[in-house]
Structure formats: C-alpha cells, structure tokens
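Heads up: the structure comes next, in structure tokens.
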Amino acid sequence: MRGDVVDRCAAHPRLAAALRDGAFVVGPMTEPDLRRAITGPADAAGLAIEPGLVDVILSELRAAGGGYEAGALPLLSQTMLTVWEHREDDRLTSRGYARTGGVTKAVASSADAVYAALAPDRQEAARRVFERLTAVTGDGALARRTVERAALHAGRTEAGRAAVDEVLEVFARSRLVVVDAGRVQIAHDVLLGSWPRLRGWLADERADRVLHTEILQDAAEWDRHGRDASFLYGGIRLQAAEEAVARWRADPGRYAGFGLPGPAAAFLHEGSRAATRARRRQRLRFTVLAGLLVVAVITAVAAVRFGQDAERQRAEADRQRAWALDRSAQAASRETAAYSQALSDDPETSARLALAAQAIADTDEARVSLAALLSRPARAVLAGHTNSVASVVFSPDGTRLATGGGDDMVRIWDVATGKQVGAPLRGHTGWVYSVAFSPDGKRLASAGMDKTVRIWDVATGKQVGAPLTGHLRMVKSVAFSPDGKRLASAGGDKTVRIWDVATGKQVGASLRGHTGWAYSVAFSPDGKRLASAGGDKTVRIWDVATGKQVGAPLTGHTGVVLSAVFSPDGTRLASAGVDDTVRLWNAATGKQVGASLTGHTFSVSSVVFSPDGKRLASGGMDNMVRLWDVSTGKQIGAPFTGHTGWVYSVVFSPDGTRLATGGDDNTIRLWDTATGRQIGTPLTGHVGVRQSVAFSPDGKRLASGGMGNMVRLWDVSTGKQIGVPAIRTGWVYSVVFGPDGTRLASAGVDGTVRLWDVATGKQVGAPFTGHTGWVYSVAYSPDGTRLASAGVEGTVRLWDVATGKQAGALLTGHVGVMQSVAFGPDGTRLASAGADGTVRLWDVATGKQAGASLTGHTSEVSSVVFSPDGTRLASAGIDGTVRLWSASTGRQISIPFTGHTGQVSSVVFSPDGTRLASAGADGTVRLWDVATGKQVGIPFTGHTGQVSSVVFSPDGTRLASAGIDGTVRIWNVGLPYDLQGLLQAVCDIAGRSFTPEEWRRYIPNELYRRPNCPTTQYG
C-alpha cells in the first residue's frame, strides 16, 4: 500500500483494523532482493533471462552513493515491463533491453507519457511540482528534494490544490514519485538526468544557481580589494546578473536560498551605477567630441595670441583623456579576464575571452586568465554529432580523429583545427558503436547496431567493398591487427569473429565462450592473441591462429565487463565494467595485478593504456574521465570534468600528450594530459613522512629527507634513486644543495647540520653542532660560503662552510620555535619565520635585526622565502594563508593568498618571480600569480596527506613536492612565462578570434579588437 493512501484506508473500519494489526513497513530492497524480483517472476512465467542482463539493469538502478533506494522497486517494475514488451520469443534479452533504452529511457518514456496525458493546466501544475521537488546544488548538479504536500498546496486556490493532487496521483501511479505520510519526493535519481523535459525546465535554475555562486564569490573578492571599481561587473555579465536577480525576487518560493547578503547586493548595485555612468559617458561622447571640436576651433583662433598656453592646455587634456581611457580599458580587461575563467568547460570561448582581455589592455588579470586556461586540461570541444558519441580513435600519426555515434554516422576530424574533414561517412543504419584506424591510417573500420562491420577509405570517405556480415546481433567492438591484415569484432551474439581485410571474408570459425554479449575486443601488440570482454563478467584471451581460448577466463568483476585492452608491451590487460572498477591483469597468468582501481561512482565504459604503458585513462557513466598510475594503481590528479553526460569512449593520442573522449552529450572533448599533472610515478623508498625536498642547481637531481633517518638522492629523468641513502641519526627536516651542486646540507632532530658529498654520498667533515634541540631549517648563502640554520630553541645560527665553525653571534629575537630560514639573493640579508607568528629580517654582516618584525599572520609562520630579485618576501602559515611582503619596507603587499583549507607548510617563488607555489595540510600543491594573488589553474592532488615541502626546478617547468605519505612527486608546470609564449599557446586553443558580432555579445561596451596572435594562425 502506498503511504499516501493510508489515510483513505483508515476511513474504512475493516481496513483500519487490518492496518492496526498487520501493518509492516517495506524498506529499501537489497541487491539480492532486487535480483530475485527480476528472476523470480521470469521463472514463474517461463521466461529465460540472457546472462549479464540482470547485472546491467541493477547497475543502472544503483543510487549515486551506492546501494538501492526505496524508489528502486517501482523503477525496476517499469523497466521490466518494457523489457518484457521487447522480449524475443520466451527470452528477455540485452537486445530488447537496449531497444527500451534501459532504465534511463524507460523512466523518461514513462514520464513523458504521463505528462502528455495531462490537460494543459495540469501540465503547468506538473512543471511547478517537479521544479519544487528538484534542488540545484551550488555547482549546478541536480538533486531530489523532499517536500511536504502542504508546501505544494501553499498559496494555491482550491482548484490549484486539486490540480497538484491530480498530478501527484498520476505520477505516483506510474511509480515516478513517492508520496508517503504527506511528504513527496521523486522516486529515483535516474529521473533527474534522464527526462529531457525536466532538464529543460530546470536549465534556467541550474544556470542561476551557478551564477548565484559566482556573484557571491566575485562580491567577496571585490570587498577584499577595497571595493575597487575594476572588479565590478559590466556589459553582458552585469545584464545577466541583474535579470537573474529580478527572477529570484519575483518568485521567492521557487528560488529559496537565492538571497544576496549585504556585500553581494552592494556589489551589483555599484556595478549598475558604474554601468549607468558608462552609458552616460557614451551618450555624452559625441557631445564631448563636438565640444572638443568647438574648443579646438576657438583654441586655434586663440592660439595666435595664446599659442604656448593653448599647447599646454591641449597636452593636459590629452593626458587626462588618455588616463581615463586607460583606466576604462584596464577595467574592461579585468572583467573580460574574469569572464574567461568562469567558462572552464568551454575552452575555445574561454581562450577567445582571455585573448580579448589581453588585447583590450595588458593587465595582470589578463595574463592570469591566459595562464589559468593553460593550467586546465580542457583543450577543445568538437560538436557535430546529433546523438551520443560512442567511440573515438586517433589516427596513427595523431593528426586525425575518427568518431562514431548514435546518429548512425562516422565522422573524421582535424585534430589541430577541430574541424570536421569532409562529409560524414554514411552507410550504417543504426548506432555506430566502434571505430578503428588501420595501422597505416589509410583505412577505417566501423561496427554498429545494424550487425555489420564496414571498412572505409580515409582519403575519399568511400566504403571499401561490401559490409562484413555474419554477426546475428549488433556489433559492439572492432579492432585491426597490428599488421593491418585482420579485423576482429565482438557482438551481441556472444561471439568474437576474425575477418580478412582484403577479402572481407570471415577467417575460421567464430570464437565462442562468452555466455553473454561480447562488448569489447583488442589484439595483443604482437597480433598473436585477442582479448574480449563480456556480459558474463569475464575477460577471455584467445589464440588468433587456432581460435582457441587461452587459459581460464579472467574473473573478478562483479558485473558486465564493457572494455578490455592490452598494454603496449603485451604483459598486462586492463578491463572496466559496470561494477564501477578498473582492473589490471597479468596477461600470461590471468591473475589480477593489485587491487581494483576505484574512484568512478558509476559504470566504467572505457579504459585505455597510454602509449608508454605507464598510465591508464578511464571514462565512466559518472560523466568523469580519470587518469591512473599503472605501477601504483593510484589516480593521477583530479578527474577531467566537462562532459554533461556519460563518457562512452577514451583514447590517448599516439604521443600520449592528448586524450580524446566521446560522450552522451553528443560531444568529443580533447584534453592535455601533461600540464599540471604528475610526471611519472611517485618517488618511494622512504619509510614514513617526507619533510623536505630540493632540486640540484642543474635540475638533474633531487634530494629528499624525512622520517627514517636518511637523505636520498634521485635522478629526475628516471625517478630512480642514486646510490645508497646517507644515514643520519633521527628525522631529517631540511635539505638544500650548495650553489655549485657538489655539496648537500641537511638538518634534523639530532640538533646538527651535516654536509654531504653529492658524488659519493659520504658525509664531509664533522657535524655542525651548537643547537640545543631539533633543527628545522637550513639554507646556503648564494656564494656557498655560509650556512644558516634555525631550530626549536628559537635561534638562527650562521656557519662557515669551510671550517664548520659558527660564524658570529646567535641571531635572537623570535619567541619560541623557528620554522624556516632563507638568504636573500645577494647574501647580505637573512629572513626567518617562527612560531611567534612573525617574519624577521637580519643583516648578515652584523647579526642585527633589520627593521621591525613583519606581522600579519594570526598563528605560526611555517615557511619564508625571498623573491629572485630580492624585493619581496613570501611567507606561509598555520592560518592557511600565503602573504607577500616588501623586503625594503616590511609592509604586506596586497591581501593574503587564500585557498588552502588547512595550514600552509611551504612556499617558494618560481625562478622568474612571477609565480608562487605552496603546499599544505589539505594534501594539495597550488600555483599563484604574484601580481594579482590569484590561483593559477586547479590544485595539484595526489598526495594522501599533508604536503610538507615544495620546490621549483631551476628552469621553472617542474615542481617537486614531499609529503607525510612518504612520497616525493614531480609535477609538470611547464607553462610559458613570457607573454608571447602564453599568447601563442592560447591562440592555438582559440583557433580563431571573436567575430565582431560575437565580440558585441560578450564585450558590448568595448571597441572590437583582434587578438595579438601570429598572423599565420588567423591569416
């Protein structure tokens, strides 16, 4: 009995008695319960169920957080009804399930049918009901909302309440909403993403929620910068914000939570006032110009008598006008740059906005927007398919991309321009599930729902020969052999087939063994074996020459296996499936290698090795693309986000620097897999916490120290340890190379500083002693003759490197522990940071403090460093901030850099001084633009705990970090530092400049300008 009709039954005495004496609550069903709910009725009706079908259905029913909800059973009932309607004789099949579109399409179809049967006024009521039953989160995601029936009635007439009740009744009857004890909610998350009509209703609100979040963030930024007018909205951004606020205020019931606190309201009010002033200035421009013309005539006449005075006045007027125009251009540049960064999912438009910002005025914000774009992985979105993109593949030379999709077409794209090459390849009469290039790139194979495999001439786009027929059901996958002479295909008839490319004839008998659909097929690099993945939860390996299965099936997946691929060296297999996992296998033994790779929250559709075999990429039905380290099984960095639907296919470019993905949102996306990503595998070998890391001056070596009493050296190019670790007594807190790279200094808990010969790994001389407790930091002077060290007793000591003796008196003044010490680039000054929350500057020659202490941090200061030119200092603290200081005045420069969600452990300048890197307890490394204080790109993630130390390579293209997870990691931060390099790279992404019409739409109050791109790019 549905909960919403309990009150009606209670009105009947006999039913009321039954409810009182025999009622029990039916809670959410478990997976075994749901499995029996499928198989039990089928058995009773004499129906056979195709192997693997149950797993597919249950995987789609699973809630986002795992498990099954109370609404799962109604959805299952609806789904099984549609599967039964598409049965084949007495069999429930995957083919029939595919025809229904699965749970997703079954639910959408039901919802549309119920809606279409409603009268027009009821349809409008249904829209309002579902808008109230759906929440939009801050990042624009949809979520179910439980609402009291009384809240849906509120403010409505009696007729309006009746309309709501009728809507609830018909949707509950179709098991699309759940009504229980006066509370209403949508039956399942599936409806949120699967019903196009609902997505359309909520499209505006999703955009509004994201815009609301942006307004709050931008208003806070404006407030932090002293309410500087250059941070205000203008043009199309202000118009969009004002229109949205008007909507929110007009319908507070629908837009609950869309209020604007004081600073945000003031931010928009000031923006509106500034825009009004700008419009007035624009209207007055012609008047002013006319006035200037009159003044010019008068001035010309008067110049006969007052020549010198007029010239001075004209010069002053020109200067004032230039100043005003410059201020206006800078404000427009900043606004456009901010707009660029807001469009992270649209790389081309973001790039064009960033270029426009720089063309308007060369502001710091414009440069940050250029760098931020390059720091994100998204590079292009290719649109053209009119339905889902099921398969993507690069040509062997990496210049072309082929795609197949639900619009029954194969398309070829130019990777450099993102443009489609020629007309679509037509011939399939259903979905194209798989495409594959021949090894020489001259042929393309495709496979589809029409049960055929087709071969195409890439140069002409013509089909080569007749379709390859033989499969009895849809063909899900196709692959060329390494020599290009054979094709393998896998299909819904549970078979794998091999074809002669030259003749189009099947070679030998079909490969049979799977008891469910065969979803994926791949050749080994030597062409002697095939791997296939199936609906029976297995991966199977076949001998190509004999057609026999090699060994037992590879088992471990708990659901349908959708993808399988060999590693480039043929020793490993990777597989992915509806159990949300990626698994690695030993191709020789069939044993799983390591634990399953977990992170996806829904079925994993596709998996592929990088060309060097060191990484894996996977795409899933959680709309995410993830990179994995093959050796550790750990995810590399944050997922790639941008697809707004399931990701069906992933593929690396031949050089491994790009990734292409295809998805349910009808798009192909290109990603940069290198920038901002970890280089190679983590450097491991230490036992326990890593406290410090340092590059050698030539950038070829790394030194690390930490728990385990050892200092280790690493070869940066190979990631291999060099020699035997140097042994200390106790933790090593700090390591630093000498200026010539031949010596290494270390400091630790034993209260000593030690010198090491880098070539031999041997200690040089006796330890430097004098500290009475742990030594947290050690630094070399630029000329290599001095060392400075700081420790727990609150003193700084200077040492003569040649003699190992203390040079001069102790530097005292800090209260408590000293965390960090650093020399200035000329060696005459020293900076120190301590637990007393201060940074102090010292005169190295006299040992005296230079000026007052630098105060501002609200807790311990953990790290301090000079800029390369010595004019600034950066500090990091337990208060979660990074701060900039003038080294000459001791005054703080700009507001603190915020973003870390915990203490900041380490900070360092880039070699050119334009960027900072910081590391913190939140497990991230972050890049910052020094001029603006803005974070550049997304945080670098991978460490599984606090990051203790971070350092730039001497050329600024890499970062090394050390953490309490016992690893050292190297990151690619190879962004161009010069403006021309930034422009060149961003122009490559933009592809073209804005047209004048586009410019007016995005930047309406500024004159059209072309970006400063090389003429070879834009003609």
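Ordered as shown in the structure tokens, chains take letters A, B, and onward, while each chain numbers its residues from 1 and ligands are numbered from 1 in the order shown.
Secondary structure by DSSP on the backbone puts the following residues of region 821-985 of chain A in alpha helix (DSSP H): Leu979, Gln980, Gly981, Leu982, Leu983, Gln984 and Ala985 of chain A.
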Long-range neighbours of Lys476 (chain A) as a PyMOL selection string, 8 Å cut-off, only C-alpha atoms, 3 positions minimum in chain: chain A and resi 433-434+447-449+489-492+518-520
Give me a file of those residues, with all heavy atoms, as a PDB file, in the first residue's frame.
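Wrote it out as again_39.pdb, contents follow:
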```
ATOM      1  N   TYR A 433      28.908   1.832 -32.923  1.00  0.00           N
ATOM      2  CA  TYR A 433      29.424   1.605 -31.581  1.00  0.00           C
ATOM      3  C   TYR A 433      30.947   1.671 -31.486  1.00  0.00           C
ATOM      4  O   TYR A 433      31.496   1.896 -30.408  1.00  0.00           O
ATOM      5  CB  TYR A 433      28.965   0.233 -31.057  1.00  0.00           C
ATOM      6  CG  TYR A 433      27.511   0.177 -30.684  1.00  0.00           C
ATOM      7  CD1 TYR A 433      26.637  -0.674 -31.354  1.00  0.00           C
ATOM      8  CD2 TYR A 433      27.002   0.972 -29.667  1.00  0.00           C
ATOM      9  CE1 TYR A 433      25.296  -0.743 -31.007  1.00  0.00           C
ATOM     10  CE2 TYR A 433      25.664   0.911 -29.314  1.00  0.00           C
ATOM     11  CZ  TYR A 433      24.811   0.058 -29.978  1.00  0.00           C
ATOM     12  OH  TYR A 433      23.484   0.005 -29.630  1.00  0.00           O
ATOM     13  N   SER A 434      31.635   1.431 -32.609  1.00  0.00           N
ATOM     14  CA  SER A 434      33.082   1.312 -32.528  1.00  0.00           C
ATOM     15  C   SER A 434      33.725   1.729 -33.843  1.00  0.00           C
ATOM     16  O   SER A 434      33.188   1.443 -34.928  1.00  0.00           O
ATOM     17  CB  SER A 434      33.471  -0.142 -32.198  1.00  0.00           C
ATOM     18  OG  SER A 434      34.867  -0.295 -32.087  1.00  0.00           O
ATOM     19  N   ALA A 447      31.767  -0.432 -36.634  1.00  0.00           N
ATOM     20  CA  ALA A 447      30.850  -1.515 -36.290  1.00  0.00           C
ATOM     21  C   ALA A 447      29.625  -0.927 -35.637  1.00  0.00           C
ATOM     22  O   ALA A 447      29.717   0.086 -34.925  1.00  0.00           O
ATOM     23  CB  ALA A 447      31.532  -2.503 -35.337  1.00  0.00           C
ATOM     24  N   GLY A 448      28.456  -1.567 -35.872  1.00  0.00           N
ATOM     25  CA  GLY A 448      27.259  -0.920 -35.366  1.00  0.00           C
ATOM     26  C   GLY A 448      26.090  -1.820 -35.048  1.00  0.00           C
ATOM     27  O   GLY A 448      26.163  -3.056 -35.127  1.00  0.00           O
ATOM     28  N   MET A 449      25.021  -1.137 -34.724  1.00  0.00           N
ATOM     29  CA  MET A 449      23.788  -1.804 -34.318  1.00  0.00           C
ATOM     30  C   MET A 449      23.180  -2.603 -35.462  1.00  0.00           C
ATOM     31  O   MET A 449      22.398  -3.538 -35.233  1.00  0.00           O
ATOM     32  CB  MET A 449      22.796  -0.753 -33.811  1.00  0.00           C
ATOM     33  CG  MET A 449      21.478  -1.312 -33.292  1.00  0.00           C
ATOM     34  SD  MET A 449      20.347  -0.022 -32.733  1.00  0.00           S
ATOM     35  CE  MET A 449      21.009   0.315 -31.120  1.00  0.00           C
ATOM     36  N   SER A 489      36.041  -8.572 -34.387  1.00  0.00           N
ATOM     37  CA  SER A 489      34.810  -7.909 -33.979  1.00  0.00           C
ATOM     38  C   SER A 489      34.152  -8.709 -32.869  1.00  0.00           C
ATOM     39  O   SER A 489      34.334  -9.926 -32.753  1.00  0.00           O
ATOM     40  CB  SER A 489      33.845  -7.762 -35.161  1.00  0.00           C
ATOM     41  OG  SER A 489      33.521  -9.037 -35.712  1.00  0.00           O
ATOM     42  N   ALA A 490      33.388  -8.014 -32.040  1.00  0.00           N
ATOM     43  CA  ALA A 490      32.687  -8.647 -30.926  1.00  0.00           C
ATOM     44  C   ALA A 490      31.264  -8.132 -30.902  1.00  0.00           C
ATOM     45  O   ALA A 490      31.020  -6.948 -31.178  1.00  0.00           O
ATOM     46  CB  ALA A 490      33.389  -8.337 -29.612  1.00  0.00           C
ATOM     47  N   GLY A 491      30.307  -9.021 -30.579  1.00  0.00           N
ATOM     48  CA  GLY A 491      28.927  -8.582 -30.684  1.00  0.00           C
ATOM     49  C   GLY A 491      27.965  -9.189 -29.708  1.00  0.00           C
ATOM     50  O   GLY A 491      28.326 -10.000 -28.843  1.00  0.00           O
ATOM     51  N   GLY A 492      26.714  -8.769 -29.886  1.00  0.00           N
ATOM     52  CA  GLY A 492      25.637  -9.209 -29.019  1.00  0.00           C
ATOM     53  C   GLY A 492      25.259 -10.651 -29.190  1.00  0.00           C
ATOM     54  O   GLY A 492      24.459 -11.166 -28.407  1.00  0.00           O
ATOM     55  N   ALA A 518      29.394 -10.065 -26.099  1.00  0.00           N
ATOM     56  CA  ALA A 518      30.806  -9.690 -26.156  1.00  0.00           C
ATOM     57  C   ALA A 518      30.851  -8.190 -26.454  1.00  0.00           C
ATOM     58  O   ALA A 518      30.400  -7.743 -27.511  1.00  0.00           O
ATOM     59  CB  ALA A 518      31.537 -10.477 -27.239  1.00  0.00           C
ATOM     60  N   TYR A 519      31.369  -7.415 -25.504  1.00  0.00           N
ATOM     61  CA  TYR A 519      31.298  -5.954 -25.601  1.00  0.00           C
ATOM     62  C   TYR A 519      32.565  -5.316 -26.161  1.00  0.00           C
ATOM     63  O   TYR A 519      32.525  -4.197 -26.669  1.00  0.00           O
ATOM     64  CB  TYR A 519      31.033  -5.343 -24.214  1.00  0.00           C
ATOM     65  CG  TYR A 519      29.612  -5.454 -23.763  1.00  0.00           C
ATOM     66  CD1 TYR A 519      29.198  -6.498 -22.922  1.00  0.00           C
ATOM     67  CD2 TYR A 519      28.668  -4.517 -24.155  1.00  0.00           C
ATOM     68  CE1 TYR A 519      27.882  -6.597 -22.497  1.00  0.00           C
ATOM     69  CE2 TYR A 519      27.349  -4.607 -23.741  1.00  0.00           C
ATOM     70  CZ  TYR A 519      26.951  -5.650 -22.906  1.00  0.00           C
ATOM     71  OH  TYR A 519      25.648  -5.745 -22.492  1.00  0.00           O
ATOM     72  N   SER A 520      33.699  -6.000 -26.049  1.00  0.00           N
ATOM     73  CA  SER A 520      34.956  -5.351 -26.408  1.00  0.00           C
ATOM     74  C   SER A 520      35.949  -6.385 -26.902  1.00  0.00           C
ATOM     75  O   SER A 520      35.955  -7.536 -26.441  1.00  0.00           O
ATOM     76  CB  SER A 520      35.529  -4.617 -25.176  1.00  0.00           C
ATOM     77  OG  SER A 520      36.770  -4.021 -25.452  1.00  0.00           O
TER      78      SER A 520
END
```
Show me, as CSV, the residues of region 594-630 of chain A having an atom within 12 Å of region 187-203 of chain A, each with the closest atom pair and its distance in Å, using only C-alpha atoms.
```
residue,atom,partner,partner_atom,distance
A:Met621,CA,A:Gly193,CA,11.5
A:Asp622,CA,A:Gly193,CA,11.2
A:Asn623,CA,A:Gly193,CA,11.4
```
Which of region 487-688 of chain A fall in strand (DSSP E or B), as a ChimeraX atom specification: /A:487-491,495-500,506,511-512,518-523,529-534,538-543,549,554-555,561-566,572-577,581-586,592,597-598,604-609,615-620,625-629,635,640,647-652,658-663,667-672,678,683
I need the chosen residues saved as a short mmCIF file (atom, residue, chain, number, x, y, z; two decimals), in the first residue's frame, with C-alpha atoms.
```cif
data_model
loop_
_atom_site.label_atom_id
_atom_site.label_comp_id
_atom_site.auth_asym_id
_atom_site.auth_seq_id
_atom_site.Cartn_x
_atom_site.Cartn_y
_atom_site.Cartn_z
CA LEU A 487 39.94 -7.37 -38.21
CA ALA A 488 38.37 -8.68 -35.03
CA SER A 489 34.81 -7.91 -33.98
CA ALA A 490 32.69 -8.65 -30.93
CA GLY A 491 28.93 -8.58 -30.68
CA THR A 495 30.84 -14.28 -30.42
CA VAL A 496 34.18 -12.84 -31.46
CA ARG A 497 34.93 -13.05 -35.18
CA ILE A 498 38.09 -12.53 -37.23
CA TRP A 499 37.97 -11.15 -40.78
CA ASP A 500 40.35 -10.96 -43.70
CA GLN A 506 35.45 -14.40 -42.04
CA LEU A 511 35.26 -17.65 -31.21
CA ARG A 512 32.70 -18.86 -28.71
CA ALA A 518 30.81 -9.69 -26.16
CA TYR A 519 31.30 -5.95 -25.60
CA SER A 520 34.96 -5.35 -26.41
CA VAL A 521 37.82 -6.88 -28.38
CA ALA A 522 41.52 -5.99 -28.65
CA PHE A 523 44.62 -7.51 -30.29
CA ARG A 529 46.28 -13.04 -29.09
CA LEU A 530 42.90 -11.43 -28.72
CA ALA A 531 41.23 -10.24 -25.53
CA SER A 532 37.47 -9.96 -25.27
CA ALA A 533 35.18 -8.65 -22.54
CA GLY A 534 31.67 -9.82 -21.97
CA THR A 538 34.68 -12.24 -17.71
CA VAL A 539 37.64 -11.26 -19.85
CA ARG A 540 38.88 -14.02 -22.18
CA ILE A 541 42.11 -14.43 -24.12
CA TRP A 542 42.18 -16.21 -27.48
CA ASP A 543 44.88 -17.66 -29.71
CA GLN A 549 40.69 -19.85 -25.68
CA LEU A 554 39.76 -13.80 -16.12
CA THR A 555 37.23 -13.41 -13.34
CA VAL A 561 32.77 -6.07 -18.44
CA LEU A 562 32.47 -3.31 -21.03
CA SER A 563 36.09 -2.74 -22.08
CA ALA A 564 39.39 -4.62 -22.26
CA VAL A 565 42.76 -3.62 -23.72
CA PHE A 566 46.36 -4.89 -23.79
CA ARG A 572 49.19 -6.54 -18.89
CA LEU A 573 45.49 -6.30 -19.60
CA ALA A 574 43.18 -3.61 -18.30
CA SER A 575 39.42 -4.05 -18.04
CA ALA A 576 36.50 -1.93 -16.92
CA GLY A 577 32.87 -2.63 -16.17
CA THR A 581 36.04 -0.54 -11.27
CA VAL A 582 39.09 -0.77 -13.50
CA ARG A 583 41.21 -3.89 -13.07
CA LEU A 584 44.72 -4.86 -14.17
CA TRP A 585 45.65 -8.42 -15.11
CA ASN A 586 48.82 -10.37 -15.82
CA GLN A 592 44.63 -9.80 -11.22
CA LEU A 597 41.19 0.83 -9.30
CA THR A 598 38.25 2.57 -7.67
CA VAL A 604 33.16 2.44 -16.31
CA SER A 605 32.58 2.34 -20.05
CA SER A 606 36.08 2.53 -21.49
CA VAL A 607 39.71 2.06 -20.49
CA VAL A 608 42.94 2.60 -22.45
CA PHE A 609 46.70 2.50 -21.83
CA ARG A 615 49.18 5.41 -17.32
CA LEU A 616 45.59 4.38 -17.82
CA ALA A 617 42.65 6.56 -18.76
CA SER A 618 39.09 5.59 -18.00
CA GLY A 619 35.72 7.11 -18.78
CA GLY A 620 32.52 6.37 -16.99
CA VAL A 625 37.44 10.91 -17.09
CA ARG A 626 40.20 9.71 -14.78
CA LEU A 627 43.93 9.07 -15.16
CA TRP A 628 45.68 6.29 -13.23
CA ASP A 629 49.27 5.38 -12.44
CA GLN A 635 44.52 8.12 -9.50
CA PHE A 640 38.63 15.64 -16.02
CA VAL A 647 31.54 9.15 -21.14
CA TYR A 648 31.49 6.22 -23.56
CA SER A 649 35.00 6.22 -25.05
CA VAL A 650 38.53 7.38 -24.18
CA VAL A 651 41.72 7.23 -26.26
CA PHE A 652 45.27 8.58 -25.98
CA ARG A 658 46.39 14.36 -25.55
CA LEU A 659 43.29 12.44 -24.63
CA ALA A 660 40.09 12.34 -26.66
CA THR A 661 36.75 11.39 -25.13
CA GLY A 662 33.26 10.91 -26.51
CA GLY A 663 30.06 11.01 -24.57
CA THR A 667 30.46 15.97 -27.97
CA ILE A 668 34.06 14.95 -28.39
CA ARG A 669 36.48 16.61 -25.98
CA LEU A 670 40.24 16.96 -26.23
CA TRP A 671 42.37 17.15 -23.09
CA ASP A 672 46.00 17.93 -22.27
CA GLN A 678 52.26 14.35 -12.06
CA LEU A 683 59.44 8.52 -5.80
#
```
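Proximity to Ile964 (chain A) was assessed for A:Gly933, A:Gly590, A:Gly920, A:Gly46 counting only C-alpha atoms; the smallest distance is recorded for A:Gly920.
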Two-atom distance - CA of Asp580 (chain A), CA of Ser510 (chain A) (Å):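 Result for CA of Asp580 (chain A) versus CA of Ser510 (chain A): 29.9 Å, one decimal.
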Proximity to Thr995 (chain A) - best of A:Ala436, A:Ser894, A:Thr349, A:Ser734, only C-alpha atoms: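 Nearest to Thr995 (chain A): A:Thr349.
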Atom-to-atom span, CA of Arg237 (chain A) and CA of Ile989 (chain A), Å: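 Value for the CA of Arg237 (chain A)-CA of Ile989 (chain A) distance: 23.2 Å.
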Selection: 8 Å around Thr828 (chain A), only C-alpha atoms, excl. self and same-chain fewer than 2 positions, as a PyMOL selection string: chain A and resi 823-824+826+830+843-845
Generate the output file for the selected residues, N, CA, C and O atoms, as a short mmCIF file (atom, residue, chain, number, x, y, z; two decimals), in the first residue's frame.
```
data_model
loop_
_atom_site.label_atom_id
_atom_site.label_comp_id
_atom_site.auth_asym_id
_atom_site.auth_seq_id
_atom_site.Cartn_x
_atom_site.Cartn_y
_atom_site.Cartn_z
N PHE A 823 68.23 32.90 2.83
CA PHE A 823 69.09 34.01 2.44
C PHE A 823 68.44 34.81 1.32
O PHE A 823 67.73 34.27 0.47
N GLY A 824 68.73 36.14 1.32
CA GLY A 824 68.38 36.96 0.18
C GLY A 824 69.32 36.66 -0.98
O GLY A 824 70.40 36.11 -0.79
N ASP A 826 71.36 38.41 -2.68
CA ASP A 826 72.71 38.99 -2.65
C ASP A 826 73.50 38.54 -1.44
O ASP A 826 74.66 38.93 -1.25
N LEU A 830 69.04 37.98 5.66
CA LEU A 830 68.50 36.68 6.01
C LEU A 830 67.08 36.90 6.51
O LEU A 830 66.81 37.89 7.20
N ASP A 843 70.52 41.48 9.19
CA ASP A 843 71.72 41.88 8.47
C ASP A 843 72.78 40.82 8.73
O ASP A 843 73.20 40.61 9.88
N VAL A 844 73.20 40.13 7.68
CA VAL A 844 74.12 39.00 7.85
C VAL A 844 75.46 39.46 8.42
O VAL A 844 76.09 38.77 9.24
N ALA A 845 75.93 40.63 8.01
CA ALA A 845 77.25 41.10 8.45
C ALA A 845 77.27 41.41 9.94
O ALA A 845 78.25 41.10 10.63
#
```
Contact residues around Asp223 (chain A) with only C-alpha atoms at 12 Å, ignoring same-chain residues under 6 positions, as a ChimeraX atom specification: /A:215-217,229-232,262-268,270,895
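Residue nearest Val393 (chain A), chosen from A:Ile878, A:Arg327, A:Ala372, A:Ser653 and counting only C-alpha atoms: A:Ser653.
Using only C-alpha atoms, the residues found no farther than 12 Å from Ala113 (chain A), other than those of its own chain fewer than 4 positions away, are Lys105, Ala106, Val107, Ala108, Ser109, Ala117, Leu118, Gln123, Val170, Phe171, Ser174, Leu176, Trp195 and Arg197 of chain A.
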Residue among A:His943, A:His212, A:Arg376, A:Arg314 lying closest to Pro639 (chain A), counting only C-alpha atoms: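 Result for the nearest residue to Pro639 (chain A): A:Arg376.
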Which residue of A:Thr601, A:Thr657, A:Glu50, A:Gly784 approaches His514 (chain A) most closely, using only C-alpha atoms: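 Going through A:Thr601, A:Thr657, A:Glu50, A:Gly784 one by one, the smallest distance to His514 (chain A) is for A:Glu50.
Rounded to one decimal, CA of Asp397 (chain A) and CA of Pro654 (chain A) lie 6.8 Å from each other.
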